[in-house]
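This report refers to the structure that appears directly beneath it.
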Amino acid sequence: MENTGKSALGLEGNIAALIGYIFWPIALVCLIIEKENRFVRFHAIQSLLYHAAIIVAAILLVIIVVFLGIIGIASAAAGSNAGGALGGILGSLVGLVWMVFLLAYLAGLIYAAVQAYGNKWFKLPIVGNMAEKFANK
């Protein structure tokens, strides 16, 4: 696989790939118009799949948070003193989980962007193999 230099946007391939990670709409544009540079195409697809996976994970996390919130409300409504303590613990745990989730998202995004800027065919776990298959079509 080869980086053919310029992208269809007129930018160097590594710059187009980098920007595609930071601004996913640019990755979408690159995916649509890029026909020659497989490096840019691969990173555009990987960026879009990564962002889609993060959205799905965030939705699942919201569902879990709502479910835990209902449990906390139900235990508090039951009048147990443990319900208030449980709600406080769950609230703290939820905040911690969201913080770790956001930091992991940003770390993955920054790492992939830096790798793309360095002209590397870096594959993120799970979505990288999918991106490679789509880019080679």
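If you're wondering about the labels, chains in the structure tokens are A, B, ... by order shown, residues count from 1 in each chain, ligands from 1 in order shown.
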
Within 9 Å of range 39-46 of chain A, which residues of range 92-125 of chain A show up? Give each one with its shortest atom-to-atom distance in Å (one decimal) and the two atoms involved, counting only C-alpha atoms, rows by chain then rising residue number, as JSON lines.
{"residue": "A:Ala112", "atom": "CA", "partner": "A:His43", "partner_atom": "CA", "distance": 8.7}
{"residue": "A:Ala113", "atom": "CA", "partner": "A:His43", "partner_atom": "CA", "distance": 8.9}
{"residue": "A:Ala116", "atom": "CA", "partner": "A:His43", "partner_atom": "CA", "distance": 7.2}
{"residue": "A:Asn119", "atom": "CA", "partner": "A:Phe39", "partner_atom": "CA", "distance": 8.2}
{"residue": "A:Lys120", "atom": "CA", "partner": "A:Phe39", "partner_atom": "CA", "distance": 8.7}
{"residue": "A:Trp121", "atom": "CA", "partner": "A:Phe39", "partner_atom": "CA", "distance": 7.2}
{"residue": "A:Phe122", "atom": "CA", "partner": "A:His43", "partner_atom": "CA", "distance": 8.6}
{"residue": "A:Lys123", "atom": "CA", "partner": "A:Gln46", "partner_atom": "CA", "distance": 7.8}
{"residue": "A:Leu124", "atom": "CA", "partner": "A:Gln46", "partner_atom": "CA", "distance": 7.7}

Write the selection just made, keeping N, CA and C atoms, as a CSV table (one decimal), in the first residue's frame?
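To be explicit, this is the file written out as part.csv:
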chain,number,residue,atom,x,y,z
A,112,ALA,N,-4.1,8.1,16.6
A,112,ALA,CA,-4.4,7.7,15.2
A,112,ALA,C,-4.0,8.9,14.3
A,113,ALA,N,-4.3,10.1,14.8
A,113,ALA,CA,-4.0,11.3,14.0
A,113,ALA,C,-2.5,11.5,13.8
A,116,ALA,N,-1.2,8.9,11.4
A,116,ALA,CA,-1.5,9.3,10.0
A,116,ALA,C,-0.5,10.4,9.6
A,119,ASN,N,2.7,9.3,8.2
A,119,ASN,CA,2.6,8.4,7.0
A,119,ASN,C,2.6,7.0,7.4
A,120,LYS,N,2.0,6.6,8.5
A,120,LYS,CA,1.9,5.2,8.9
A,120,LYS,C,0.5,4.6,8.7
A,121,TRP,N,0.5,3.4,8.3
A,121,TRP,CA,-0.8,2.7,8.1
A,121,TRP,C,-1.2,2.0,9.4
A,122,PHE,N,-1.4,2.9,10.4
A,122,PHE,CA,-1.7,2.4,11.7
A,122,PHE,C,-3.2,2.0,11.7
A,123,LYS,N,-3.4,0.8,12.3
A,123,LYS,CA,-4.8,0.3,12.4
A,123,LYS,C,-5.3,0.3,13.8
A,124,LEU,N,-6.4,1.0,14.1
A,124,LEU,CA,-7.0,0.9,15.4
A,124,LEU,C,-7.6,-0.4,15.6

From the DSSP assignment of the backbone, select every residue of chain A that is alpha helix (DSSP H), and format the answer as a PyMOL selection string.
chain A and resi 13-22+24-33+38-77+81-117+127-135

What are the nearest atom pairs, with distances in Å to one decimal, for all residues of range 27-103 of chain A that come at most 7 Å from range 6-9 of chain A, using only C-alpha atoms, set out by chain and rising residue number as a tab-separated table?
residue	atom	partner	partner_atom	distance
A:Ile33	CA	A:Ala8	CA	6.5
A:Glu34	CA	A:Ala8	CA	5.4
A:Asn37	CA	A:Ser7	CA	6.1
A:Val40	CA	A:Ser7	CA	6.8

If you count only C-alpha atoms, which residues fall within 12 Å of Pro125 in chain A, apart from same-chain ones fewer than 3 positions away, as a PyMOL selection string?
chain A and resi 46+49-50+53+108+112+122+128-132

Grab the residues selected above and save them as a PDB file, in the first residue's frame with N, CA and C atoms.
ATOM      1  N   GLN A  46     -11.271   4.726   8.438  1.00  0.00           N
ATOM      2  CA  GLN A  46     -10.993   4.377   9.828  1.00  0.00           C
ATOM      3  C   GLN A  46     -11.503   5.462  10.777  1.00  0.00           C
ATOM      4  N   LEU A  49     -15.328   5.124  10.971  1.00  0.00           N
ATOM      5  CA  LEU A  49     -15.711   3.954  11.755  1.00  0.00           C
ATOM      6  C   LEU A  49     -15.421   4.156  13.243  1.00  0.00           C
ATOM      7  N   TYR A  50     -14.305   4.802  13.546  1.00  0.00           N
ATOM      8  CA  TYR A  50     -13.952   5.077  14.947  1.00  0.00           C
ATOM      9  C   TYR A  50     -14.994   5.991  15.583  1.00  0.00           C
ATOM     10  N   ALA A  53     -18.208   4.068  16.104  1.00  0.00           N
ATOM     11  CA  ALA A  53     -18.085   3.150  17.240  1.00  0.00           C
ATOM     12  C   ALA A  53     -18.177   3.903  18.566  1.00  0.00           C
ATOM     13  N   GLY A 108      -7.215   7.768  21.756  1.00  0.00           N
ATOM     14  CA  GLY A 108      -7.247   7.011  20.504  1.00  0.00           C
ATOM     15  C   GLY A 108      -7.244   7.920  19.294  1.00  0.00           C
ATOM     16  N   ALA A 112      -4.112   8.075  16.648  1.00  0.00           N
ATOM     17  CA  ALA A 112      -4.354   7.744  15.239  1.00  0.00           C
ATOM     18  C   ALA A 112      -3.985   8.924  14.339  1.00  0.00           C
ATOM     19  N   PHE A 122      -1.363   2.861  10.392  1.00  0.00           N
ATOM     20  CA  PHE A 122      -1.730   2.397  11.728  1.00  0.00           C
ATOM     21  C   PHE A 122      -3.189   1.971  11.749  1.00  0.00           C
ATOM     22  N   GLY A 128      -9.884  -0.877  12.463  1.00  0.00           N
ATOM     23  CA  GLY A 128      -8.771  -0.819  11.524  1.00  0.00           C
ATOM     24  C   GLY A 128      -8.858  -1.887  10.442  1.00  0.00           C
ATOM     25  N   ASN A 129      -9.180  -3.113  10.839  1.00  0.00           N
ATOM     26  CA  ASN A 129      -9.320  -4.193   9.849  1.00  0.00           C
ATOM     27  C   ASN A 129     -10.501  -3.941   8.923  1.00  0.00           C
ATOM     28  N   MET A 130     -11.579  -3.413   9.473  1.00  0.00           N
ATOM     29  CA  MET A 130     -12.745  -3.086   8.649  1.00  0.00           C
ATOM     30  C   MET A 130     -12.386  -1.988   7.653  1.00  0.00           C
ATOM     31  N   ALA A 131     -11.696  -0.983   8.104  1.00  0.00           N
ATOM     32  CA  ALA A 131     -11.286   0.130   7.236  1.00  0.00           C
ATOM     33  C   ALA A 131     -10.389  -0.355   6.114  1.00  0.00           C
ATOM     34  N   GLU A 132      -9.483  -1.263   6.439  1.00  0.00           N
ATOM     35  CA  GLU A 132      -8.583  -1.803   5.422  1.00  0.00           C
ATOM     36  C   GLU A 132      -9.364  -2.539   4.329  1.00  0.00           C
TER      37      GLU A 132
END

Selected residue of minimal separation from Ile64 in chain A among A:Val97, A:Ile89, A:Ala52, A:Gly10, counting only C-alpha atoms
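Closest to Ile64 in chain A, using only C-alpha atoms: A:Val97.
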
Enter the distance from CA of Ile63 in chain A to CA of Ala77 in chain A, in Å, rounded to one decimal.
20.9 Å
